[in-house]
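To keep things clear, I will list the structure first and then write my remarks on it.
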Amino acid sequence: MHPMLNVAVKAARRAGTVINRASLNLERLQVDRKQHNDFVTEVDRQAEAAIIETLSEAYPTHGFLAEETGAQNADAENVWIIDPLDGTTNFIHGFPQYAVSIALSVNGVTQQAVVYDPTRDELFTATRGAGAYLDRRRLRVATQDRLVNSLLGTGFPYREDQDLEKYLKIFADMSRNCAGLRRPGAASLDLAYVAAGRYDGFFESDLKPWDMAAGALLITEAGGLIGNYRGEEGFLQSGEVMCANPRIFAQMVQCLSKYSSC
């Protein structure tokens, strides 16, 4: 394992310990509302602090882009992109679908990725050029070649500033063109599941870099494609993302490109 990835795994597991401990006593959890249906807890903040502390001890000159504390030294050559608890709404309801997501960007290119599911103790990792893994098992995207037979993951709009009506049209269109849609509510895990072949594809809009950065490297290192609804780059900036194996990716572009905001 690459030394930087090894430190990221240590940070993710440390955050997972914070999350698992808090999950045993959810009724005492302090929950704040960022905006409508967008929550943050003391656990998000504690997990993020644990991650940043672990990474900073090993790499004091590195920068950070984290969900709760924002950008720190973001002009550095090496920047860690962090979501300490992706799926906070699931977590506060005791629904076991959430994850820690950590990616390392070097001069704007993601080089290392960790997505850690503390409820199942599943560790998804990737190093650019060295493949994607679930624990020690090499990951490959699914081999399905027909969208009509595919199981897809997605995410629904949940904030007031998102276009629910547009998404309902997308949902209806995609429902007619695939075997099934799932919306568990943690994008980093959804992307990891595509890399692992559990989903045939995934799409969502209005995401943030910390939702996608680690999962995107997992996808490409597992042999998949990722882009916006037109199949183009720039998804980390636009927040509009779609991924699958190459054959399903092309068929998803045919369905989703007309809905692209890019």
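By convention here, the chains of the structure tokens are called A, B, ... in the order presented, each chain's residues are numbered starting at 1, and ligands are numbered starting at 1 in the order presented.
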- Residue neighbourhood region 76-90 of chain A, 7 Å, only C-alpha atoms, exclusion window fewer than 5 positions, as an NGL selection string: :A and (15 or 39-40 or 44 or 47-48 or 62-67 or 95-107 or 185-186 or 188 or 210-211)
Could you save those same residues with C-alpha atoms as an mmCIF file, in the first residue's frame?
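And here's result_14.cif as it stands now:
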```
data_model
loop_
_atom_site.group_PDB
_atom_site.id
_atom_site.type_symbol
_atom_site.label_atom_id
_atom_site.label_comp_id
_atom_site.auth_asym_id
_atom_site.auth_seq_id
_atom_site.Cartn_x
_atom_site.Cartn_y
_atom_site.Cartn_z
ATOM 1 C CA ALA A 15 -12.959 8.494 12.204
ATOM 2 C CA PHE A 39 -27.766 18.274 8.965
ATOM 3 C CA VAL A 40 -24.473 18.267 10.834
ATOM 4 C CA ASP A 44 -19.219 14.940 11.855
ATOM 5 C CA ALA A 47 -14.578 12.631 12.948
ATOM 6 C CA GLU A 48 -13.263 15.406 10.709
ATOM 7 C CA HIS A 62 -0.517 19.496 3.108
ATOM 8 C CA GLY A 63 -3.762 21.375 2.572
ATOM 9 C CA PHE A 64 -7.356 20.362 3.214
ATOM 10 C CA LEU A 65 -10.777 20.732 1.649
ATOM 11 C CA ALA A 66 -13.205 19.338 4.204
ATOM 12 C CA GLU A 67 -16.982 19.437 4.420
ATOM 13 C CA PHE A 95 -29.943 3.690 9.098
ATOM 14 C CA PRO A 96 -26.613 1.892 8.488
ATOM 15 C CA GLN A 97 -25.596 3.442 5.167
ATOM 16 C CA TYR A 98 -22.887 6.044 5.659
ATOM 17 C CA ALA A 99 -19.147 6.293 5.144
ATOM 18 C CA VAL A 100 -15.904 8.173 5.630
ATOM 19 C CA SER A 101 -14.446 9.509 2.370
ATOM 20 C CA ILE A 102 -10.845 10.730 1.988
ATOM 21 C CA ALA A 103 -9.008 11.581 -1.238
ATOM 22 C CA LEU A 104 -5.600 13.100 -1.924
ATOM 23 C CA SER A 105 -5.351 15.548 -4.809
ATOM 24 C CA VAL A 106 -1.846 16.318 -6.100
ATOM 25 C CA ASN A 107 -1.729 19.373 -8.346
ATOM 26 C CA GLY A 185 -28.283 8.225 0.573
ATOM 27 C CA ALA A 186 -24.455 8.202 0.701
ATOM 28 C CA SER A 188 -19.349 7.988 -1.693
ATOM 29 C CA TRP A 210 -15.835 15.640 -0.980
ATOM 30 C CA ASP A 211 -18.805 13.453 -1.974
#
```
- Which neighbours of Ile219 (chain A) fall inside 10 Å, counting only C-alpha atoms, when residues of the same chain fewer than 2 positions from it are skipped, and could you give them as a PyMOL selection string? chain A and resi 126+131-132+139-141+191-197+214-217+221-226+243-245
Can you write just those residues out, C-alpha atoms, as an mmCIF file, in the first residue's frame?
```
data_model
loop_
_atom_site.group_PDB
_atom_site.id
_atom_site.type_symbol
_atom_site.label_atom_id
_atom_site.label_comp_id
_atom_site.auth_asym_id
_atom_site.auth_seq_id
_atom_site.Cartn_x
_atom_site.Cartn_y
_atom_site.Cartn_z
ATOM 1 C CA ALA A 126 -7.360 3.057 -4.691
ATOM 2 C CA GLY A 131 -6.021 -0.484 -9.075
ATOM 3 C CA ALA A 132 -8.953 -0.359 -6.668
ATOM 4 C CA LEU A 139 -12.248 -4.523 -7.778
ATOM 5 C CA ARG A 140 -13.712 -4.501 -11.272
ATOM 6 C CA VAL A 141 -16.867 -2.788 -12.463
ATOM 7 C CA LEU A 191 -19.590 5.188 -6.167
ATOM 8 C CA ALA A 192 -17.680 2.498 -4.289
ATOM 9 C CA TYR A 193 -20.489 0.054 -5.063
ATOM 10 C CA VAL A 194 -20.177 0.773 -8.782
ATOM 11 C CA ALA A 195 -16.442 0.091 -8.534
ATOM 12 C CA ALA A 196 -17.234 -3.181 -6.742
ATOM 13 C CA GLY A 197 -19.831 -4.254 -9.320
ATOM 14 C CA ALA A 214 -12.456 9.324 -3.537
ATOM 15 C CA GLY A 215 -15.222 7.373 -5.246
ATOM 16 C CA ALA A 216 -14.280 8.727 -8.658
ATOM 17 C CA LEU A 217 -10.770 7.272 -8.404
ATOM 18 C CA GLU A 221 -9.153 2.224 -11.199
ATOM 19 C CA ALA A 222 -11.827 -0.499 -11.359
ATOM 20 C CA GLY A 223 -12.153 -0.033 -15.125
ATOM 21 C CA GLY A 224 -15.194 2.246 -15.196
ATOM 22 C CA LEU A 225 -15.914 5.649 -16.697
ATOM 23 C CA ILE A 226 -17.092 8.747 -14.862
ATOM 24 C CA CYS A 243 -20.526 6.524 -13.873
ATOM 25 C CA ALA A 244 -20.665 2.938 -15.109
ATOM 26 C CA ASN A 245 -18.705 0.437 -17.159
#
```
- CA of Tyr229 (chain A) sits from CA of Ser260 (chain A) at a separation of 5.3 Å
- Query: Suppose you want the space between CA of Tyr259 (chain A) and CA of Gly108 (chain A); what is it in Å?
  - Reply: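 About the pair CA of Tyr259 (chain A) and CA of Gly108 (chain A): they are 27.3 Å apart.
Between CA of Glu165 (chain A) and CA of Arg146 (chain A) lies a distance of 27.4 Å.
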